[in-house]
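J.: Have a look at this one before I ask anything.
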2 protein chains.
Amino acid sequence: MTEIKSLIRTIPDFPKKGILFRDITPVLKDPKAFKKVIDAFQRNTPTGIDKVVAIESRGFIFGSALAFNLGVGFVPVRKSGKLPGKTIKVKYDLEYGTDTLEIHDDAIEKGDNVVLVDDLLATGGTALASCKLIEKSGGIVKKILFLVELDNLGGIKKINNYDVFSLIHF
Amino acid sequence: MTEIKSLIRTIPDFPKKGILFRDITPVLKDPKAFKKVIDAFQRNTPTGIDKVVAIESRGFIFGSALAFNLGVGFVPVRKSGKLPGKTIKVKYDLEYGTDTLEIHDDAIEKGDNVVLVDDLLATGGTALASCKLIEKSGGIVKKILFLVELDNLGGIKKINNYDVFSLIHF
């Protein structure tokens with residue numbers, strides 16, 4: 001996966017000073033690289049999955065192609081106020097203050113086996129909140145898939161009760 | 001496509017009073033319906049396409065699966081301040097005030113044949129701004145694909161210089 005890693009470009013001081021932003025858009029632009037990512041996600045998905053849940057908004061890009069290829073339903077987790085139907089909500093901590101993620105309350109059936117997808121594991125806050133949303137909905141988190149994991153932020157510690165696969169580490 | 005239309009649920013007064021929101025998430029949750037949408041998009045995509053451009057954030061869901069199936073690159077159009085690299089920007093009018101959409105300035109090659117994808121055509125403001133972004137990047141808008149078109153808002157008039165396909169009309 002060194003080829004895919006080499007496509008990810010690092011942009012300093014985005015979105016604010018001191019942050020090295022890992023930009024995955026060159027992977028999307030390259031159809032062979034994008035296919036390699038989705039193939040790797042598919043190989044790391046357990047059998048018997050009922051739903052792919054993806055986190056707004058870059059997670060949608062990977063989650064959608066994966067769900068389509070697995071032939072299972074796609075469910076979005078979104079920031080507060082974006083989903084129009086009745087939702088389940090979970091608050092999570094930010095560096096300063098809190099934020100809220102939501103899932104439609106009828107998106108997951110009781111006992112559904114779920115794969116959670118996002119582009120990047122940083123502090124793990126949104127991933128853990130998304131797991132809670134899936135579990136509050138009656139689903140079982142069978143796997144969490146990331147394209148990129150930022151090792152130095154230690155987000156994996158927040159979600160080490162789960163089976164996590166990250167294709168690329170920085 | 002009456003089956004897909006029947007899956008789209010109408011939620012009154014979202015995001016504000018007086019608006020009938022067409023919620024497409026039940027289509028995503030149903031893998032057969034989702035496949036029918038992507039198959040219809042693929043059938044309505046001209047040959048020789050180089051890139052799929054999709055509009056944040058529900059457009060990402062349909063654009064990603066389409067790009068993957070066509071075996072071409074995926075390019076996101078995002079709201080202001082979300083893309084980390086150097087961007088091209090276009091302002092467009094809202095009901096009150098203006099908003100800005102952006103595309104990475106290296107996402108499209110000169111002469112690229114592009115399909116633009118979004119979930120819903122309402123007033124046409126974001127679709128027209130996205131066409132301008134593609135053209136400023138040197139690309140050619142060969143087709144615009146929507147899952148839903150809201151006929152009474154007349155957004156099609158803003159983009160009638162382009163070849164537009166909407167799977168479902170309300």
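By convention in this document, the chains of the structure tokens carry letters A, B, ... by their order, each chain's residues are numbered from 1, and ligands are numbered from 1 in the order they are shown.
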Which residues of chain A sit at most 6 Å from chain B, using only C-alpha atoms? Give each one's shortest atom pair and distance in Å (one decimal place), in chain and ascending residue order, as a tab-separated table.
T.:
```
residue	atom	partner	partner_atom	distance
A:Leu28	CA	B:Phe74	CA	5.2
A:Lys29	CA	B:Gly73	CA	4.1
A:Asp30	CA	B:Gly73	CA	5.2
A:Pro31	CA	B:Gly73	CA	4.7
A:Ser57	CA	B:Ser57	CA	5.8
A:Phe60	CA	B:Ile61	CA	5.6
A:Ile61	CA	B:Ser64	CA	5.3
A:Ser64	CA	B:Ile61	CA	5.3
A:Ala65	CA	B:Ala65	CA	4.5
A:Gly71	CA	B:Pro31	CA	5.7
A:Val72	CA	B:Pro31	CA	5.1
A:Gly73	CA	B:Lys29	CA	4.1
A:Phe74	CA	B:Lys29	CA	4.9
A:Val75	CA	B:Lys29	CA	6.0
```
J.: Quick one: residues within 8 Å of Val37 of chain A, only C-alpha atoms, excluding same-chain residues fewer than 4 positions away - as a list of chain:residue names?
T.: A:Ala33, A:Phe41, A:Leu147, A:Leu167
J.: Smallest atom-to-atom distance to Val148 of chain B: which of B:Val115, B:Glu3, B:Gln42, B:Phe170, using only C-alpha atoms?
T.: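 Comparing B:Val115, B:Glu3, B:Gln42, B:Phe170 against Val148 of chain B, the winner is B:Phe170.
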J.: Please, what distance in Å, to one decimal, runs between atom CA of Leu7 of chain B and atom CA of Asp119 of chain B?
T.: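 A separation of 14.2 Å between them.
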J.: Calculate how many Å separate atom CA of Val114 of chain A from atom CA of Cys131 of chain A, rounding to one decimal.
T.: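 One can read the atom CA of Val114 of chain A to atom CA of Cys131 of chain A distance as 9.5 Å.
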J.: Could you check the closest approach to Ile134 of chain A for each of A:Gly155, A:Asn161, A:Glu149, A:Lys89 and tell me which residue wins, using only C-alpha atoms?
T.: A:Lys89
J.: Excluding Ile144 of chain A and any residue of its chain fewer than 4 positions from it, enumerate the residues within 9 Å of it, using only C-alpha atoms, and give them as an NGL selection string.
T.: :A and (45 or 114-118 or 127 or 131 or 162-166)
J.: For the residues in the current selection, export N, CA and C atoms as a PDB file, in the first residue's frame.
T.:
```pdb
ATOM      1  N   THR A  45     -13.651  -6.993   5.473  1.00  0.00           N
ATOM      2  CA  THR A  45     -15.024  -6.977   5.982  1.00  0.00           C
ATOM      3  C   THR A  45     -15.442  -8.407   6.318  1.00  0.00           C
ATOM      4  N   VAL A 114     -22.871  -4.669  11.493  1.00  0.00           N
ATOM      5  CA  VAL A 114     -22.528  -3.391  10.866  1.00  0.00           C
ATOM      6  C   VAL A 114     -21.014  -3.241  10.702  1.00  0.00           C
ATOM      7  N   VAL A 115     -20.615  -2.680   9.550  1.00  0.00           N
ATOM      8  CA  VAL A 115     -19.246  -2.191   9.354  1.00  0.00           C
ATOM      9  C   VAL A 115     -19.302  -0.674   9.374  1.00  0.00           C
ATOM     10  N   LEU A 116     -18.441  -0.062  10.169  1.00  0.00           N
ATOM     11  CA  LEU A 116     -18.345   1.400  10.242  1.00  0.00           C
ATOM     12  C   LEU A 116     -17.152   1.849   9.401  1.00  0.00           C
ATOM     13  N   VAL A 117     -17.360   2.887   8.570  1.00  0.00           N
ATOM     14  CA  VAL A 117     -16.304   3.348   7.654  1.00  0.00           C
ATOM     15  C   VAL A 117     -16.067   4.844   7.821  1.00  0.00           C
ATOM     16  N   ASP A 118     -14.800   5.233   7.898  1.00  0.00           N
ATOM     17  CA  ASP A 118     -14.454   6.651   7.783  1.00  0.00           C
ATOM     18  C   ASP A 118     -13.117   6.768   7.063  1.00  0.00           C
ATOM     19  N   ALA A 127     -15.507   8.315  15.807  1.00  0.00           N
ATOM     20  CA  ALA A 127     -15.666   6.864  15.605  1.00  0.00           C
ATOM     21  C   ALA A 127     -16.368   6.237  16.815  1.00  0.00           C
ATOM     22  N   CYS A 131     -20.013   4.364  16.973  1.00  0.00           N
ATOM     23  CA  CYS A 131     -20.248   3.020  17.515  1.00  0.00           C
ATOM     24  C   CYS A 131     -21.413   3.038  18.504  1.00  0.00           C
ATOM     25  N   TYR A 162     -13.146  -2.662  19.799  1.00  0.00           N
ATOM     26  CA  TYR A 162     -13.666  -3.057  18.491  1.00  0.00           C
ATOM     27  C   TYR A 162     -12.557  -3.602  17.613  1.00  0.00           C
ATOM     28  N   ASP A 163     -12.969  -4.286  16.559  1.00  0.00           N
ATOM     29  CA  ASP A 163     -12.035  -4.839  15.566  1.00  0.00           C
ATOM     30  C   ASP A 163     -11.802  -3.747  14.511  1.00  0.00           C
ATOM     31  N   VAL A 164     -10.602  -3.189  14.512  1.00  0.00           N
ATOM     32  CA  VAL A 164     -10.294  -2.015  13.677  1.00  0.00           C
ATOM     33  C   VAL A 164      -9.258  -2.382  12.614  1.00  0.00           C
ATOM     34  N   PHE A 165      -9.486  -1.921  11.386  1.00  0.00           N
ATOM     35  CA  PHE A 165      -8.489  -2.053  10.329  1.00  0.00           C
ATOM     36  C   PHE A 165      -8.205  -0.694   9.708  1.00  0.00           C
ATOM     37  N   SER A 166      -6.941  -0.300   9.698  1.00  0.00           N
ATOM     38  CA  SER A 166      -6.536   0.938   9.012  1.00  0.00           C
ATOM     39  C   SER A 166      -5.565   0.551   7.914  1.00  0.00           C
TER      40      SER A 166
END
```
J.: Env of Gly111 of chain B: 9 Å cut, atoms = only C-alpha atoms, seq-sep filter 3 positions within chain, self excluded. Answer as a PDB file with C-alpha atoms, in the first residue's frame.
T.:
```pdb
ATOM      1  CA  ILE B 108      -9.620  18.098 -13.378  1.00  0.00           C
ATOM      2  CA  GLY B 138     -10.734  23.045 -18.095  1.00  0.00           C
ATOM      3  CA  GLY B 139     -13.260  20.189 -17.965  1.00  0.00           C
ATOM      4  CA  ILE B 140     -16.320  19.614 -20.140  1.00  0.00           C
TER       5      ILE B 140
END
```
J.: Would you please extract all strand (DSSP E or B) residues from segment 26-167 of chain A, as assigned by DSSP on the backbone, and give them as a PDB file with N, CA and C atoms, in the first residue's frame?
T.:
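selection-v1.pdb, written as the output of this step:
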```
ATOM      1  N   LYS A  51     -25.234  -3.949   7.105  1.00  0.00           N
ATOM      2  CA  LYS A  51     -25.227  -2.516   6.774  1.00  0.00           C
ATOM      3  C   LYS A  51     -23.807  -1.957   6.833  1.00  0.00           C
ATOM      4  N   VAL A  52     -23.549  -1.015   5.949  1.00  0.00           N
ATOM      5  CA  VAL A  52     -22.355  -0.174   6.071  1.00  0.00           C
ATOM      6  C   VAL A  52     -22.809   1.174   6.615  1.00  0.00           C
ATOM      7  N   VAL A  53     -22.224   1.596   7.723  1.00  0.00           N
ATOM      8  CA  VAL A  53     -22.485   2.926   8.279  1.00  0.00           C
ATOM      9  C   VAL A  53     -21.258   3.794   8.009  1.00  0.00           C
ATOM     10  N   ALA A  54     -21.469   4.984   7.467  1.00  0.00           N
ATOM     11  CA  ALA A  54     -20.333   5.860   7.158  1.00  0.00           C
ATOM     12  C   ALA A  54     -20.543   7.235   7.774  1.00  0.00           C
ATOM     13  N   ILE A  55     -19.425   7.861   8.127  1.00  0.00           N
ATOM     14  CA  ILE A  55     -19.445   9.136   8.851  1.00  0.00           C
ATOM     15  C   ILE A  55     -19.261  10.300   7.880  1.00  0.00           C
ATOM     16  N   GLY A  73     -27.037  -2.433   2.568  1.00  0.00           N
ATOM     17  CA  GLY A  73     -27.530  -1.070   2.714  1.00  0.00           C
ATOM     18  C   GLY A  73     -26.469  -0.112   3.235  1.00  0.00           C
ATOM     19  N   PHE A  74     -26.654   1.170   2.905  1.00  0.00           N
ATOM     20  CA  PHE A  74     -25.751   2.238   3.331  1.00  0.00           C
ATOM     21  C   PHE A  74     -26.505   3.158   4.286  1.00  0.00           C
ATOM     22  N   VAL A  75     -25.875   3.480   5.415  1.00  0.00           N
ATOM     23  CA  VAL A  75     -26.511   4.333   6.425  1.00  0.00           C
ATOM     24  C   VAL A  75     -25.557   5.483   6.780  1.00  0.00           C
ATOM     25  N   PRO A  76     -26.017   6.740   6.647  1.00  0.00           N
ATOM     26  CA  PRO A  76     -25.157   7.869   7.012  1.00  0.00           C
ATOM     27  C   PRO A  76     -25.272   8.248   8.492  1.00  0.00           C
ATOM     28  N   VAL A  77     -24.108   8.540   9.087  1.00  0.00           N
ATOM     29  CA  VAL A  77     -24.056   9.236  10.391  1.00  0.00           C
ATOM     30  C   VAL A  77     -23.713  10.684  10.077  1.00  0.00           C
ATOM     31  N   ARG A  78     -24.524  11.611  10.591  1.00  0.00           N
ATOM     32  CA  ARG A  78     -24.318  13.023  10.224  1.00  0.00           C
ATOM     33  C   ARG A  78     -24.211  13.926  11.446  1.00  0.00           C
ATOM     34  N   LYS A  79     -23.691  15.121  11.193  1.00  0.00           N
ATOM     35  CA  LYS A  79     -23.623  16.127  12.245  1.00  0.00           C
ATOM     36  C   LYS A  79     -25.027  16.597  12.576  1.00  0.00           C
ATOM     37  N   THR A  87     -34.223  10.932  14.942  1.00  0.00           N
ATOM     38  CA  THR A  87     -32.845  10.464  15.083  1.00  0.00           C
ATOM     39  C   THR A  87     -32.513  10.042  16.511  1.00  0.00           C
ATOM     40  N   ILE A  88     -31.446   9.244  16.604  1.00  0.00           N
ATOM     41  CA  ILE A  88     -30.754   8.974  17.862  1.00  0.00           C
ATOM     42  C   ILE A  88     -29.517   9.861  17.845  1.00  0.00           C
ATOM     43  N   LYS A  89     -29.188  10.445  19.000  1.00  0.00           N
ATOM     44  CA  LYS A  89     -28.069  11.395  19.073  1.00  0.00           C
ATOM     45  C   LYS A  89     -27.036  10.931  20.086  1.00  0.00           C
ATOM     46  N   VAL A  90     -25.774  11.218  19.826  1.00  0.00           N
ATOM     47  CA  VAL A  90     -24.710  10.999  20.817  1.00  0.00           C
ATOM     48  C   VAL A  90     -23.793  12.219  20.800  1.00  0.00           C
ATOM     49  N   LYS A  91     -23.534  12.742  22.002  1.00  0.00           N
ATOM     50  CA  LYS A  91     -22.580  13.856  22.136  1.00  0.00           C
ATOM     51  C   LYS A  91     -21.178  13.297  22.275  1.00  0.00           C
ATOM     52  N   TYR A  92     -20.193  14.044  21.777  1.00  0.00           N
ATOM     53  CA  TYR A  92     -18.804  13.644  21.992  1.00  0.00           C
ATOM     54  C   TYR A  92     -17.955  14.882  22.217  1.00  0.00           C
ATOM     55  N   ASP A  93     -16.790  14.665  22.844  1.00  0.00           N
ATOM     56  CA  ASP A  93     -15.927  15.789  23.226  1.00  0.00           C
ATOM     57  C   ASP A  93     -15.035  16.224  22.080  1.00  0.00           C
ATOM     58  N   THR A  98     -18.245  20.428  22.952  1.00  0.00           N
ATOM     59  CA  THR A  98     -18.757  19.134  22.499  1.00  0.00           C
ATOM     60  C   THR A  98     -19.437  19.299  21.141  1.00  0.00           C
ATOM     61  N   ASP A  99     -19.663  18.179  20.493  1.00  0.00           N
ATOM     62  CA  ASP A  99     -20.419  18.162  19.244  1.00  0.00           C
ATOM     63  C   ASP A  99     -21.374  16.964  19.306  1.00  0.00           C
ATOM     64  N   THR A 100     -22.303  16.894  18.353  1.00  0.00           N
ATOM     65  CA  THR A 100     -23.308  15.823  18.372  1.00  0.00           C
ATOM     66  C   THR A 100     -23.358  15.143  17.018  1.00  0.00           C
ATOM     67  N   LEU A 101     -23.433  13.810  17.038  1.00  0.00           N
ATOM     68  CA  LEU A 101     -23.659  13.040  15.817  1.00  0.00           C
ATOM     69  C   LEU A 101     -25.029  12.383  15.903  1.00  0.00           C
ATOM     70  N   GLU A 102     -25.627  12.144  14.729  1.00  0.00           N
ATOM     71  CA  GLU A 102     -26.971  11.567  14.684  1.00  0.00           C
ATOM     72  C   GLU A 102     -27.066  10.452  13.652  1.00  0.00           C
ATOM     73  N   ILE A 103     -28.009   9.552  13.911  1.00  0.00           N
ATOM     74  CA  ILE A 103     -28.358   8.498  12.953  1.00  0.00           C
ATOM     75  C   ILE A 103     -29.891   8.394  12.944  1.00  0.00           C
ATOM     76  N   HIS A 104     -30.478   8.113  11.794  1.00  0.00           N
ATOM     77  CA  HIS A 104     -31.933   7.914  11.768  1.00  0.00           C
ATOM     78  C   HIS A 104     -32.298   6.725  12.657  1.00  0.00           C
ATOM     79  N   ASN A 113     -25.646  -6.694  11.687  1.00  0.00           N
ATOM     80  CA  ASN A 113     -24.181  -6.679  11.732  1.00  0.00           C
ATOM     81  C   ASN A 113     -23.670  -5.531  10.875  1.00  0.00           C
ATOM     82  N   VAL A 114     -22.871  -4.669  11.493  1.00  0.00           N
ATOM     83  CA  VAL A 114     -22.528  -3.391  10.866  1.00  0.00           C
ATOM     84  C   VAL A 114     -21.014  -3.241  10.702  1.00  0.00           C
ATOM     85  N   VAL A 115     -20.615  -2.680   9.550  1.00  0.00           N
ATOM     86  CA  VAL A 115     -19.246  -2.191   9.354  1.00  0.00           C
ATOM     87  C   VAL A 115     -19.302  -0.674   9.374  1.00  0.00           C
ATOM     88  N   LEU A 116     -18.441  -0.062  10.169  1.00  0.00           N
ATOM     89  CA  LEU A 116     -18.345   1.400  10.242  1.00  0.00           C
ATOM     90  C   LEU A 116     -17.152   1.849   9.401  1.00  0.00           C
ATOM     91  N   VAL A 117     -17.360   2.887   8.570  1.00  0.00           N
ATOM     92  CA  VAL A 117     -16.304   3.348   7.654  1.00  0.00           C
ATOM     93  C   VAL A 117     -16.067   4.844   7.821  1.00  0.00           C
ATOM     94  N   ASP A 118     -14.800   5.233   7.898  1.00  0.00           N
ATOM     95  CA  ASP A 118     -14.454   6.651   7.783  1.00  0.00           C
ATOM     96  C   ASP A 118     -13.117   6.768   7.063  1.00  0.00           C
ATOM     97  N   ASP A 119     -12.808   7.966   6.608  1.00  0.00           N
ATOM     98  CA  ASP A 119     -11.548   8.113   5.870  1.00  0.00           C
ATOM     99  C   ASP A 119     -10.351   8.105   6.802  1.00  0.00           C
ATOM    100  N   LEU A 120     -10.522   8.629   8.035  1.00  0.00           N
ATOM    101  CA  LEU A 120      -9.345   8.904   8.858  1.00  0.00           C
ATOM    102  C   LEU A 120      -9.641   8.763  10.343  1.00  0.00           C
ATOM    103  N   LEU A 121      -8.757   8.036  11.044  1.00  0.00           N
ATOM    104  CA  LEU A 121      -8.837   7.936  12.506  1.00  0.00           C
ATOM    105  C   LEU A 121      -7.847   8.925  13.106  1.00  0.00           C
ATOM    106  N   ILE A 140     -24.751  -4.273  15.798  1.00  0.00           N
ATOM    107  CA  ILE A 140     -23.505  -4.818  16.349  1.00  0.00           C
ATOM    108  C   ILE A 140     -22.354  -4.351  15.450  1.00  0.00           C
ATOM    109  N   VAL A 141     -21.389  -3.665  16.053  1.00  0.00           N
ATOM    110  CA  VAL A 141     -20.235  -3.175  15.281  1.00  0.00           C
ATOM    111  C   VAL A 141     -19.262  -4.335  15.095  1.00  0.00           C
ATOM    112  N   LYS A 142     -19.232  -4.885  13.878  1.00  0.00           N
ATOM    113  CA  LYS A 142     -18.380  -6.054  13.620  1.00  0.00           C
ATOM    114  C   LYS A 142     -16.985  -5.645  13.174  1.00  0.00           C
ATOM    115  N   LYS A 143     -16.867  -4.446  12.627  1.00  0.00           N
ATOM    116  CA  LYS A 143     -15.568  -4.004  12.101  1.00  0.00           C
ATOM    117  C   LYS A 143     -15.603  -2.492  11.909  1.00  0.00           C
ATOM    118  N   ILE A 144     -14.435  -1.859  12.093  1.00  0.00           N
ATOM    119  CA  ILE A 144     -14.294  -0.433  11.757  1.00  0.00           C
ATOM    120  C   ILE A 144     -13.150  -0.321  10.761  1.00  0.00           C
ATOM    121  N   LEU A 145     -13.412   0.360   9.638  1.00  0.00           N
ATOM    122  CA  LEU A 145     -12.423   0.491   8.555  1.00  0.00           C
ATOM    123  C   LEU A 145     -12.049   1.956   8.354  1.00  0.00           C
ATOM    124  N   PHE A 146     -10.732   2.208   8.336  1.00  0.00           N
ATOM    125  CA  PHE A 146     -10.227   3.551   8.029  1.00  0.00           C
ATOM    126  C   PHE A 146      -9.249   3.454   6.869  1.00  0.00           C
ATOM    127  N   LEU A 147      -9.230   4.478   6.032  1.00  0.00           N
ATOM    128  CA  LEU A 147      -8.165   4.568   5.039  1.00  0.00           C
ATOM    129  C   LEU A 147      -6.857   4.938   5.740  1.00  0.00           C
ATOM    130  N   VAL A 148      -6.904   5.940   6.614  1.00  0.00           N
ATOM    131  CA  VAL A 148      -5.699   6.466   7.270  1.00  0.00           C
ATOM    132  C   VAL A 148      -5.868   6.478   8.788  1.00  0.00           C
ATOM    133  N   GLU A 149      -4.816   6.053   9.494  1.00  0.00           N
ATOM    134  CA  GLU A 149      -4.788   6.199  10.954  1.00  0.00           C
ATOM    135  C   GLU A 149      -3.582   7.059  11.338  1.00  0.00           C
ATOM    136  N   VAL A 164     -10.602  -3.189  14.512  1.00  0.00           N
ATOM    137  CA  VAL A 164     -10.294  -2.015  13.677  1.00  0.00           C
ATOM    138  C   VAL A 164      -9.258  -2.382  12.614  1.00  0.00           C
ATOM    139  N   PHE A 165      -9.486  -1.921  11.386  1.00  0.00           N
ATOM    140  CA  PHE A 165      -8.489  -2.053  10.329  1.00  0.00           C
ATOM    141  C   PHE A 165      -8.205  -0.694   9.708  1.00  0.00           C
ATOM    142  N   SER A 166      -6.941  -0.300   9.698  1.00  0.00           N
ATOM    143  CA  SER A 166      -6.536   0.938   9.012  1.00  0.00           C
ATOM    144  C   SER A 166      -5.565   0.551   7.914  1.00  0.00           C
ATOM    145  N   LEU A 167      -5.856   1.014   6.690  1.00  0.00           N
ATOM    146  CA  LEU A 167      -5.048   0.599   5.547  1.00  0.00           C
ATOM    147  C   LEU A 167      -3.675   1.253   5.575  1.00  0.00           C
TER     148      LEU A 167
END
```
J.: Between B:Asp151, B:Ile156, B:Leu20, B:Glu109, which residue has the minimum interatomic distance to Ile168 of chain B, considering only C-alpha atoms?
T.: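 The answer is B:Asp151, which sits nearest to Ile168 of chain B.
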J.: So, with only C-alpha atoms as the atoms that count, which of B:Met1, B:Asp112, B:Asp105, B:Leu94 lies closest to Leu133 of chain B?
T.: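 Checking each candidate against Leu133 of chain B, we get B:Asp105 as the closest.
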J.: What is the distance between atom CA of Lys158 of chain A and atom CA of Gly97 of chain A, in Å to one decimal?
T.: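 Atom CA of Lys158 of chain A sits 18.0 Å away from atom CA of Gly97 of chain A.
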